[in-house]
>>> print(open('entry38.txt').read())   # compact mmCIF, C-alpha atoms and all ligand atoms
# COMPACT_ATOMS: atom_id res chain seq x y z
CA MET A 1 -33.52 30.56 -44.19
CA VAL A 2 -33.17 28.54 -47.40
CA CYS A 3 -36.10 26.46 -48.69
CA ASP A 4 -35.85 24.53 -51.96
CA THR A 5 -39.08 24.27 -53.97
CA HIS A 6 -37.84 21.65 -56.40
CA CYS A 7 -36.24 18.36 -55.36
CA HIS A 8 -37.07 14.93 -56.74
CA PHE A 9 -37.53 11.96 -54.41
CA PHE A 10 -35.98 9.22 -56.49
CA SER A 11 -37.15 6.30 -54.38
CA SER A 12 -36.74 2.58 -55.04
CA ARG A 13 -40.38 2.48 -56.13
CA PHE A 14 -39.70 5.36 -58.55
CA LEU A 15 -36.91 3.36 -60.20
CA GLU A 16 -39.10 0.25 -60.33
CA LEU A 17 -42.04 2.06 -61.92
CA LEU A 18 -39.83 3.94 -64.35
CA THR A 19 -38.25 0.76 -65.69
CA GLN A 20 -41.37 -1.39 -65.64
CA GLY A 21 -41.43 -3.68 -68.64
CA THR A 22 -37.69 -3.47 -69.28
CA GLU A 23 -35.49 -6.44 -68.62
CA VAL A 24 -33.75 -6.28 -65.26
CA SER A 25 -32.96 -9.27 -63.08
CA GLY A 26 -33.11 -9.40 -59.30
CA ASP A 27 -33.62 -6.31 -57.13
CA ARG A 28 -34.77 -3.87 -59.78
CA ALA A 29 -34.10 -0.63 -57.85
CA ALA A 30 -30.59 -1.74 -56.87
CA ALA A 31 -29.80 -2.96 -60.40
CA VAL A 32 -30.99 0.30 -61.98
CA SER A 33 -29.07 2.36 -59.39
CA THR A 34 -25.88 0.46 -60.20
CA LYS A 35 -26.44 1.06 -63.90
CA LEU A 36 -26.81 4.79 -63.23
CA GLY A 37 -23.91 5.00 -60.78
CA TRP A 38 -26.29 6.08 -58.02
CA ASP A 39 -26.51 4.93 -54.45
CA PRO A 40 -29.47 2.54 -54.07
CA PRO A 41 -32.29 4.57 -52.46
CA GLY A 42 -33.25 1.83 -49.99
CA THR A 43 -36.57 2.23 -48.19
CA PRO A 44 -38.46 5.56 -48.28
CA GLU A 45 -37.56 5.98 -44.59
CA GLU A 46 -33.85 5.51 -45.31
CA LEU A 47 -33.95 7.89 -48.25
CA ALA A 48 -35.88 10.49 -46.23
CA ASP A 49 -33.28 10.31 -43.46
CA ARG A 50 -30.47 10.66 -45.96
CA TRP A 51 -32.12 13.79 -47.33
CA VAL A 52 -32.34 15.30 -43.84
CA VAL A 53 -28.63 14.66 -43.21
CA GLU A 54 -27.88 16.31 -46.56
CA LEU A 55 -30.09 19.33 -45.83
CA ASP A 56 -28.53 19.75 -42.40
CA ARG A 57 -25.07 19.68 -43.97
CA HIS A 58 -26.08 22.60 -46.20
CA THR A 59 -28.31 24.33 -43.62
CA VAL A 60 -31.36 24.05 -45.85
CA ALA A 61 -34.50 24.39 -43.76
CA ARG A 62 -37.20 22.78 -45.88
CA VAL A 63 -37.61 21.28 -49.35
CA ALA A 64 -40.32 20.15 -51.72
CA LEU A 65 -40.00 16.46 -52.53
CA ILE A 66 -41.58 15.44 -55.82
CA ALA A 67 -42.87 11.90 -56.35
CA SER A 68 -41.66 11.82 -59.93
CA VAL A 69 -43.70 9.06 -61.51
CA PRO A 70 -47.43 8.40 -61.08
CA GLY A 71 -47.87 5.65 -58.49
CA ASP A 72 -45.00 6.68 -56.21
CA GLU A 73 -47.02 9.01 -53.98
CA ALA A 74 -46.72 6.70 -50.96
CA SER A 75 -42.92 7.06 -50.86
CA VAL A 76 -43.13 10.85 -50.55
CA ARG A 77 -46.00 10.61 -48.09
CA THR A 78 -43.82 8.36 -45.89
CA ALA A 79 -40.98 10.90 -46.06
CA VAL A 80 -43.29 13.79 -45.14
CA ILE A 81 -44.84 11.91 -42.22
CA ARG A 82 -41.34 11.08 -40.96
CA HIS A 83 -40.00 14.65 -41.27
CA PRO A 84 -43.00 16.99 -41.46
CA THR A 85 -40.99 20.10 -40.63
CA ARG A 86 -38.51 19.47 -43.45
CA PHE A 87 -40.52 18.17 -46.41
CA VAL A 88 -43.50 19.32 -48.46
CA GLY A 89 -45.03 16.58 -50.61
CA PHE A 90 -45.50 17.04 -54.36
CA PHE A 91 -46.56 14.26 -56.74
CA MET A 92 -46.66 13.77 -60.50
CA PHE A 93 -50.19 13.13 -61.67
CA ASN A 94 -51.57 12.26 -65.09
CA PRO A 95 -55.15 13.61 -65.30
CA ALA A 96 -55.57 12.15 -68.79
CA ALA A 97 -55.37 8.56 -67.49
CA GLY A 98 -59.06 8.52 -66.61
CA ASP A 99 -61.13 9.07 -63.45
CA ALA A 100 -59.06 12.14 -62.56
CA ARG A 101 -61.29 13.23 -59.70
CA SER A 102 -61.64 9.87 -57.99
CA ARG A 103 -57.90 9.19 -58.27
CA LEU A 104 -56.84 12.64 -57.13
CA VAL A 105 -59.12 13.27 -54.16
CA PRO A 106 -57.66 10.47 -51.96
CA LEU A 107 -54.09 11.59 -52.65
CA PHE A 108 -54.70 14.83 -50.76
CA GLU A 109 -56.31 13.09 -47.80
CA GLY A 110 -54.37 13.52 -44.58
CA GLY A 111 -52.73 16.69 -45.89
CA HIS A 112 -49.29 15.15 -46.40
CA LEU A 113 -49.25 15.77 -50.14
CA ARG A 114 -49.87 19.42 -50.92
CA VAL A 115 -49.02 19.94 -54.58
CA VAL A 116 -50.18 18.06 -57.68
CA ALA A 117 -47.58 18.22 -60.47
CA LEU A 118 -48.72 18.18 -64.09
CA PHE A 119 -46.53 17.32 -67.10
CA PRO A 120 -48.81 17.95 -70.09
CA ALA A 121 -46.06 17.48 -72.68
CA MET A 122 -45.18 14.08 -71.22
CA HIS A 123 -48.71 12.79 -70.75
CA ARG A 124 -50.05 14.47 -73.86
CA TYR A 125 -53.10 16.47 -72.95
CA ARG A 126 -54.03 20.08 -73.52
CA LEU A 127 -54.16 22.53 -70.64
CA ASP A 128 -57.67 23.56 -71.74
CA ASP A 129 -58.84 19.95 -71.47
CA PRO A 130 -61.70 19.54 -68.94
CA VAL A 131 -59.55 17.10 -66.94
CA VAL A 132 -57.22 19.97 -66.07
CA GLU A 133 -60.19 21.96 -64.83
CA THR A 134 -61.02 18.98 -62.62
CA VAL A 135 -57.49 19.00 -61.17
CA PHE A 136 -57.84 22.67 -60.26
CA GLU A 137 -61.26 22.10 -58.68
CA VAL A 138 -59.95 19.26 -56.53
CA ALA A 139 -56.85 21.27 -55.59
CA ALA A 140 -59.04 24.24 -54.61
CA ASP A 141 -61.18 22.02 -52.37
CA ALA A 142 -58.07 20.49 -50.77
CA GLY A 143 -56.30 23.82 -50.26
CA ALA A 144 -53.53 22.45 -52.45
CA ALA A 145 -51.33 24.01 -55.11
CA VAL A 146 -50.75 22.97 -58.72
CA PHE A 147 -47.34 22.68 -60.39
CA VAL A 148 -47.30 22.71 -64.19
CA HIS A 149 -44.16 21.81 -66.07
CA CYS A 150 -43.91 23.95 -69.19
CA GLY A 151 -41.34 24.32 -71.95
CA MET A 152 -38.34 22.12 -72.56
CA LEU A 153 -38.59 18.78 -70.83
CA THR A 154 -35.60 16.51 -70.58
CA VAL A 155 -35.66 13.84 -67.94
CA GLY A 156 -32.01 12.93 -67.43
CA VAL A 157 -32.70 9.56 -65.87
CA ARG A 158 -34.98 8.51 -68.75
CA LYS A 159 -32.32 9.47 -71.26
CA ARG A 160 -29.61 7.57 -69.44
CA LEU A 161 -31.75 4.47 -69.22
CA GLY A 162 -32.68 4.72 -72.89
CA LEU A 163 -36.40 5.07 -72.11
CA PRO A 164 -38.61 6.64 -74.78
CA SER A 165 -39.23 10.34 -74.22
CA SER A 166 -41.59 11.38 -76.98
CA PHE A 167 -42.85 14.59 -75.43
CA ASP A 168 -45.03 17.13 -77.22
CA LEU A 169 -43.55 20.42 -76.07
CA ARG A 170 -46.36 22.44 -77.63
CA LEU A 171 -48.61 21.27 -74.83
CA GLY A 172 -46.56 22.96 -72.11
CA ASP A 173 -47.37 26.58 -72.83
CA PRO A 174 -47.52 28.93 -69.80
CA LEU A 175 -50.31 30.86 -71.54
CA GLY A 176 -52.41 27.71 -71.26
CA VAL A 177 -51.62 27.66 -67.55
CA ALA A 178 -52.67 31.30 -67.26
CA ALA A 179 -56.06 30.54 -68.80
CA VAL A 180 -56.96 27.89 -66.23
CA ALA A 181 -55.19 29.62 -63.31
CA ALA A 182 -57.28 32.74 -63.90
CA ARG A 183 -60.45 30.74 -63.23
CA HIS A 184 -59.05 29.48 -59.90
CA PRO A 185 -57.46 32.53 -58.28
CA ALA A 186 -57.23 30.86 -54.85
CA VAL A 187 -55.04 28.02 -56.16
CA PRO A 188 -51.32 28.80 -56.15
CA VAL A 189 -49.74 27.67 -59.41
CA ILE A 190 -46.03 27.00 -59.80
CA ILE A 191 -44.31 27.05 -63.19
CA PRO A 192 -40.79 25.61 -62.80
CA HIS A 193 -37.53 26.75 -64.39
CA PHE A 194 -38.93 30.20 -65.32
CA GLY A 195 -40.99 28.43 -68.00
CA ALA A 196 -38.02 26.37 -69.27
CA GLY A 197 -37.70 28.18 -72.58
CA PHE A 198 -41.09 29.86 -72.61
CA PHE A 199 -39.61 32.68 -70.54
CA ARG A 200 -41.60 35.41 -72.25
CA GLU A 201 -44.83 33.42 -71.98
CA ALA A 202 -44.12 32.60 -68.32
CA LEU A 203 -43.66 36.30 -67.59
CA MET A 204 -46.88 37.08 -69.45
CA ALA A 205 -48.72 34.41 -67.45
CA VAL A 206 -47.36 35.80 -64.19
CA ASP A 207 -48.32 39.30 -65.25
CA GLN A 208 -51.87 38.19 -65.97
CA CYS A 209 -52.47 35.95 -62.94
CA ALA A 210 -51.54 36.93 -59.41
CA ASN A 211 -51.69 33.27 -58.33
CA ILE A 212 -48.88 32.10 -60.65
CA LEU A 213 -45.36 31.77 -59.25
CA LEU A 214 -42.14 30.78 -61.00
CA ASP A 215 -39.57 28.42 -59.60
CA THR A 216 -35.94 29.23 -60.35
CA SER A 217 -34.69 25.65 -60.31
CA SER A 218 -32.03 23.83 -62.28
CA SER A 219 -29.13 25.21 -64.27
CA ASN A 220 -31.71 26.84 -66.55
CA GLY A 221 -30.03 25.48 -69.68
CA TRP A 222 -32.99 26.81 -71.69
CA MET A 223 -31.21 30.19 -71.68
CA LYS A 224 -29.40 28.96 -74.79
CA TYR A 225 -32.59 29.64 -76.77
CA TYR A 226 -32.21 33.36 -75.98
CA PRO A 227 -29.01 34.77 -77.50
CA GLY A 228 -27.09 36.76 -74.89
CA LEU A 229 -29.38 35.98 -71.99
CA THR A 230 -27.61 35.38 -68.67
CA LEU A 231 -28.86 34.15 -65.31
CA ASP A 232 -28.45 37.71 -64.01
CA GLY A 233 -30.70 38.90 -66.82
CA VAL A 234 -33.27 36.22 -66.07
CA PHE A 235 -33.46 37.24 -62.42
CA GLN A 236 -33.58 40.92 -63.27
CA GLN A 237 -36.50 40.48 -65.63
CA ALA A 238 -38.33 38.00 -63.42
CA LEU A 239 -38.02 40.33 -60.43
CA ALA A 240 -39.30 43.21 -62.56
CA VAL A 241 -42.39 41.32 -63.74
CA ALA A 242 -43.19 38.74 -61.02
CA GLY A 243 -41.74 40.72 -58.14
CA PRO A 244 -39.85 39.09 -55.27
CA GLU A 245 -43.06 37.63 -53.80
CA ARG A 246 -43.62 35.24 -56.68
CA LEU A 247 -40.23 33.67 -57.26
CA LEU A 248 -39.45 30.40 -55.51
CA PHE A 249 -35.87 29.26 -55.21
CA GLY A 250 -35.21 25.70 -56.33
CA THR A 251 -32.32 23.47 -57.38
CA ASP A 252 -33.83 20.39 -59.08
CA SER A 253 -31.72 18.10 -56.89
CA SER A 254 -32.52 14.41 -57.14
CA PHE A 255 -30.15 11.48 -56.59
CA PHE A 256 -27.33 10.46 -54.26
CA PRO A 257 -24.38 10.59 -53.92
CA ARG A 258 -24.63 13.88 -55.82
CA GLY A 259 -27.15 15.14 -53.28
CA TRP A 260 -28.28 18.71 -52.86
CA GLN A 261 -27.10 20.94 -55.69
CA LYS A 262 -25.18 23.67 -53.89
CA PRO A 263 -23.58 25.01 -57.11
CA VAL A 264 -27.07 25.80 -58.43
CA HIS A 265 -27.85 27.61 -55.18
CA ASP A 266 -24.61 29.56 -55.29
CA ALA A 267 -25.15 30.65 -58.90
CA GLN A 268 -28.61 31.98 -58.07
CA VAL A 269 -27.44 33.80 -54.94
CA ALA A 270 -24.72 35.41 -57.07
CA ALA A 271 -27.27 36.42 -59.71
CA LEU A 272 -29.53 38.01 -57.09
CA ALA A 273 -26.53 39.93 -55.74
CA ALA A 274 -25.47 40.98 -59.23
CA VAL A 275 -28.85 42.54 -59.98
CA ARG A 276 -28.76 44.26 -56.58
CA ALA A 277 -31.85 42.58 -55.20
CA THR A 278 -32.59 43.94 -51.74
CA HIS A 279 -31.97 41.81 -48.68
CA GLU A 280 -35.72 41.50 -48.26
CA ALA A 281 -36.25 40.42 -51.86
CA ARG A 282 -33.50 37.82 -51.57
CA SER A 283 -34.88 36.34 -48.38
CA ARG A 284 -38.33 36.04 -49.92
CA VAL A 285 -37.03 34.26 -53.02
CA MET A 286 -34.69 31.96 -51.10
CA GLY A 287 -37.22 30.79 -48.52
CA GLY A 288 -39.79 33.33 -47.38
CA ASN A 289 -42.21 32.67 -50.21
CA PHE A 290 -41.96 28.91 -49.66
CA ALA A 291 -42.83 29.39 -45.97
CA ARG A 292 -45.79 31.59 -46.89
CA LEU A 293 -47.07 29.07 -49.43
CA PHE A 294 -46.51 26.01 -47.23
CA PRO A 295 -46.93 27.05 -43.62
CA LEU A 296 -45.94 24.46 -41.03
CA SER A 297 -49.13 22.89 -39.76
ZN ZN B 301 -37.27 18.71 -61.84
>>> encode(input="entry38.txt", output="structure tokens")
Amino acid sequence: MVCDTHCHFFSSRFLELLTQGTEVSGDRAAAVSTKLGWDPPGTPEELADRWVVELDRHTVARVALIASVPGDEASVRTAVIRHPTRFVGFFMFNPAAGDARSRLVPLFEGGHLRVVALFPAMHRYRLDDPVVETVFEVAADAGAAVFVHCGMLTVGVRKRLGLPSSFDLRLGDPLGVAAVAARHPAVPVIIPHFGAGFFREALMAVDQCANILLDTSSSNGWMKYYPGLTLDGVFQQALAVAGPERLLFGTDSSFFPRGWQKPVHDAQVAALAAVRATHEARSRVMGGNFARLFPLS
């Protein structure tokens, strides 16, 4: 059973919000899609159905869908309600934008959205800011998980559209995640891309806090910061420190027609085989841990 912990739901609303304030005439989502060479996402229902067809084609059981700009939560909620056995709802949230508690609490209502995703380098706040504590408190009350993007942050679609991306990478330190995660041991915390460059710090955070998990998603281009490091080496070390129970397979798939990123999957399966991970370890990483974290309700 394959479950993917990291897919972006690039809805029409996502494209509209992302390009707000820029000059586009007519149907904004369609115009931006054309500019990017993507298929227009259509309605959230249409996009959700397209995802299911794609997952069936690759025999992927379930995936996390991330609402990838604040304000697009409803699109992912619609997708989850339509296909509750296939999708788990994540959403990007900026706690520094004020009234964190009163904005966050309603987003978890109904249980369709289960993970709040923080991007401190993008939204420019420190992980020891009280607003982050608030996010963890609300997540604990809701039985939700927290995703914290650390390390290198490049948003391909922003780059291609020429949108400003003045991120402060110092703010995405896994050790900052460890500090707050330790105070909320019942809240599962996901650090994507093995820390995206902060590999050592991500392993230290995992070592310190039993509630921190790493997602394996993307091509892990950050490996270039570590001379000689290979994907095999990354998996070997992550398995040694985090153990097979705390690694979550992911691809970082996003738009169509490209669809689900099978080459990323295949590279990770090959790496797990190369480091002689047991069958049990592999099945946990590729889907078992996802199922444990997000049981079907
Ligand atoms: Zn991503």
>>> residues_near_ligand(input="entry38.txt", ligand="ligand ZN 301 (chain B)", cutoff="9 Å", atoms="all atoms listed in the file", output="MDAnalysis selection string")
chainID A and resid 6:8 66 68 149 155 192:193 217:218 251:254
>>> atom_distance(input="entry38.txt", atom1="atom CA of A:Leu272", atom2="atom CA of A:Val146")
26.1 Å
>>> closest_atom_pairs(input="entry38.txt", of="stretch 157-268 of chain A", to="stretch 124-133 of chain A", cutoff="7 Å", atoms="all atoms listed in the file", output="Markdown table")
| residue | atom | partner | partner_atom | distance |
| --- | --- | --- | --- | --- |
| A:Asp168 | CA | A:Arg124 | CA | 6.6 |
| A:Leu171 | CA | A:Arg126 | CA | 5.7 |
| A:Gly176 | CA | A:Leu127 | CA | 5.5 |
| A:Val177 | CA | A:Leu127 | CA | 6.5 |
| A:Val180 | CA | A:Glu133 | CA | 6.9 |
>>> closest_residue(input="entry38.txt", among="A:Ala179, A:Leu163, A:Leu118, A:Ile212", to="A:Gly21", atoms="only C-alpha atoms")
A:Leu163
>>> closest_residue(input="entry38.txt", among="A:Val88, A:Leu113, A:Ala48, A:Leu55", to="A:Glu73", atoms="all atoms listed in the file")
A:Leu113
>>> decode(input="entry38.txt", residues="stretch 34-66 of chain A", atoms="N, CA and C atoms", output="JSON list (two decimals), in the first residue's frame")
[["chain", "number", "residue", "atom", "x", "y", "z"],
["A", 34, "THR", "N", -2.29, 28.63, -18.49],
["A", 34, "THR", "CA", -1.76, 28.69, -19.85],
["A", 34, "THR", "C", -0.31, 29.19, -19.84],
["A", 35, "LYS", "N", -0.09, 30.22, -19.04],
["A", 35, "LYS", "CA", 1.25, 30.80, -18.93],
["A", 35, "LYS", "C", 2.26, 29.76, -18.43],
["A", 36, "LEU", "N", 1.80, 28.89, -17.53],
["A", 36, "LEU", "CA", 2.67, 27.89, -16.93],
["A", 36, "LEU", "C", 2.76, 26.60, -17.75],
["A", 37, "GLY", "N", 1.86, 26.48, -18.74],
["A", 37, "GLY", "CA", 1.82, 25.23, -19.51],
["A", 37, "GLY", "C", 1.12, 24.12, -18.74],
["A", 38, "TRP", "N", 0.26, 24.49, -17.80],
["A", 38, "TRP", "CA", -0.48, 23.51, -17.01],
["A", 38, "TRP", "C", -1.89, 23.37, -17.55],
["A", 39, "ASP", "N", -2.52, 22.25, -17.21],
["A", 39, "ASP", "CA", -3.94, 22.12, -17.50],
["A", 39, "ASP", "C", -4.69, 22.99, -16.48],
["A", 40, "PRO", "N", -5.71, 23.75, -16.93],
["A", 40, "PRO", "CA", -6.49, 24.53, -15.97],
["A", 40, "PRO", "C", -7.11, 23.58, -14.94],
["A", 41, "PRO", "N", -7.03, 23.93, -13.64],
["A", 41, "PRO", "CA", -7.51, 23.01, -12.61],
["A", 41, "PRO", "C", -9.03, 22.82, -12.62],
["A", 42, "GLY", "N", -9.77, 23.79, -13.15],
["A", 42, "GLY", "CA", -11.23, 23.68, -13.11],
["A", 42, "GLY", "C", -11.75, 23.85, -11.69],
["A", 43, "THR", "N", -12.89, 23.24, -11.40],
["A", 43, "THR", "CA", -13.46, 23.35, -10.05],
["A", 43, "THR", "C", -12.70, 22.41, -9.11],
["A", 44, "PRO", "N", -12.81, 22.64, -7.80],
["A", 44, "PRO", "CA", -12.17, 21.70, -6.85],
["A", 44, "PRO", "C", -12.66, 20.26, -7.05],
["A", 45, "GLU", "N", -13.95, 20.11, -7.40],
["A", 45, "GLU", "CA", -14.50, 18.77, -7.62],
["A", 45, "GLU", "C", -13.81, 18.10, -8.82],
["A", 46, "GLU", "N", -13.67, 18.88, -9.90],
["A", 46, "GLU", "CA", -13.02, 18.33, -11.10],
["A", 46, "GLU", "C", -11.57, 17.96, -10.82],
["A", 47, "LEU", "N", -10.88, 18.83, -10.10],
["A", 47, "LEU", "CA", -9.47, 18.56, -9.80],
["A", 47, "LEU", "C", -9.34, 17.35, -8.87],
["A", 48, "ALA", "N", -10.24, 17.24, -7.89],
["A", 48, "ALA", "CA", -10.22, 16.10, -6.98],
["A", 48, "ALA", "C", -10.41, 14.79, -7.76],
["A", 49, "ASP", "N", -11.35, 14.81, -8.70],
["A", 49, "ASP", "CA", -11.62, 13.61, -9.49],
["A", 49, "ASP", "C", -10.42, 13.26, -10.38],
["A", 50, "ARG", "N", -9.77, 14.28, -10.88],
["A", 50, "ARG", "CA", -8.60, 14.03, -11.73],
["A", 50, "ARG", "C", -7.49, 13.38, -10.90],
["A", 51, "TRP", "N", -7.34, 13.85, -9.66],
["A", 51, "TRP", "CA", -6.35, 13.26, -8.77],
["A", 51, "TRP", "C", -6.65, 11.78, -8.53],
["A", 52, "VAL", "N", -7.93, 11.45, -8.32],
["A", 52, "VAL", "CA", -8.29, 10.06, -8.03],
["A", 52, "VAL", "C", -7.96, 9.16, -9.24],
["A", 53, "VAL", "N", -8.26, 9.65, -10.44],
["A", 53, "VAL", "CA", -7.93, 8.88, -11.65],
["A", 53, "VAL", "C", -6.42, 8.64, -11.70],
["A", 54, "GLU", "N", -5.67, 9.69, -11.39],
["A", 54, "GLU", "CA", -4.21, 9.60, -11.42],
["A", 54, "GLU", "C", -3.69, 8.61, -10.38],
["A", 55, "LEU", "N", -4.25, 8.66, -9.18],
["A", 55, "LEU", "CA", -3.81, 7.76, -8.11],
["A", 55, "LEU", "C", -4.16, 6.32, -8.46],
["A", 56, "ASP", "N", -5.33, 6.13, -9.05],
["A", 56, "ASP", "CA", -5.73, 4.77, -9.45],
["A", 56, "ASP", "C", -4.76, 4.23, -10.50],
["A", 57, "ARG", "N", -4.37, 5.09, -11.41],
["A", 57, "ARG", "CA", -3.46, 4.68, -12.49],
["A", 57, "ARG", "C", -2.13, 4.18, -11.92],
["A", 58, "HIS", "N", -1.72, 4.77, -10.77],
["A", 58, "HIS", "CA", -0.45, 4.39, -10.17],
["A", 58, "HIS", "C", -0.63, 3.49, -8.94],
["A", 59, "THR", "N", -1.86, 3.05, -8.70],
["A", 59, "THR", "CA", -2.20, 2.27, -7.51],
["A", 59, "THR", "C", -1.65, 2.89, -6.22],
["A", 60, "VAL", "N", -1.91, 4.18, -6.07],
["A", 60, "VAL", "CA", -1.61, 4.89, -4.82],
["A", 60, "VAL", "C", -2.90, 4.94, -4.02],
["A", 61, "ALA", "N", -2.82, 4.48, -2.77],
["A", 61, "ALA", "CA", -4.04, 4.36, -1.97],
["A", 61, "ALA", "C", -4.56, 5.71, -1.50],
["A", 62, "ARG", "N", -3.69, 6.47, -0.82],
["A", 62, "ARG", "CA", -4.15, 7.72, -0.21],
["A", 62, "ARG", "C", -3.03, 8.76, -0.31],
["A", 63, "VAL", "N", -3.42, 10.03, -0.35],
["A", 63, "VAL", "CA", -2.42, 11.10, -0.39],
["A", 63, "VAL", "C", -2.85, 12.27, 0.50],
["A", 64, "ALA", "N", -1.85, 13.00, 0.97],
["A", 64, "ALA", "CA", -2.08, 14.29, 1.61],
["A", 64, "ALA", "C", -2.23, 15.32, 0.51],
["A", 65, "LEU", "N", -3.24, 16.17, 0.61],
["A", 65, "LEU", "CA", -3.39, 17.28, -0.33],
["A", 65, "LEU", "C", -3.19, 18.57, 0.46],
["A", 66, "ILE", "N", -2.23, 19.37, 0.03],
["A", 66, "ILE", "CA", -1.92, 20.60, 0.75],
["A", 66, "ILE", "C", -2.56, 21.79, 0.05]]
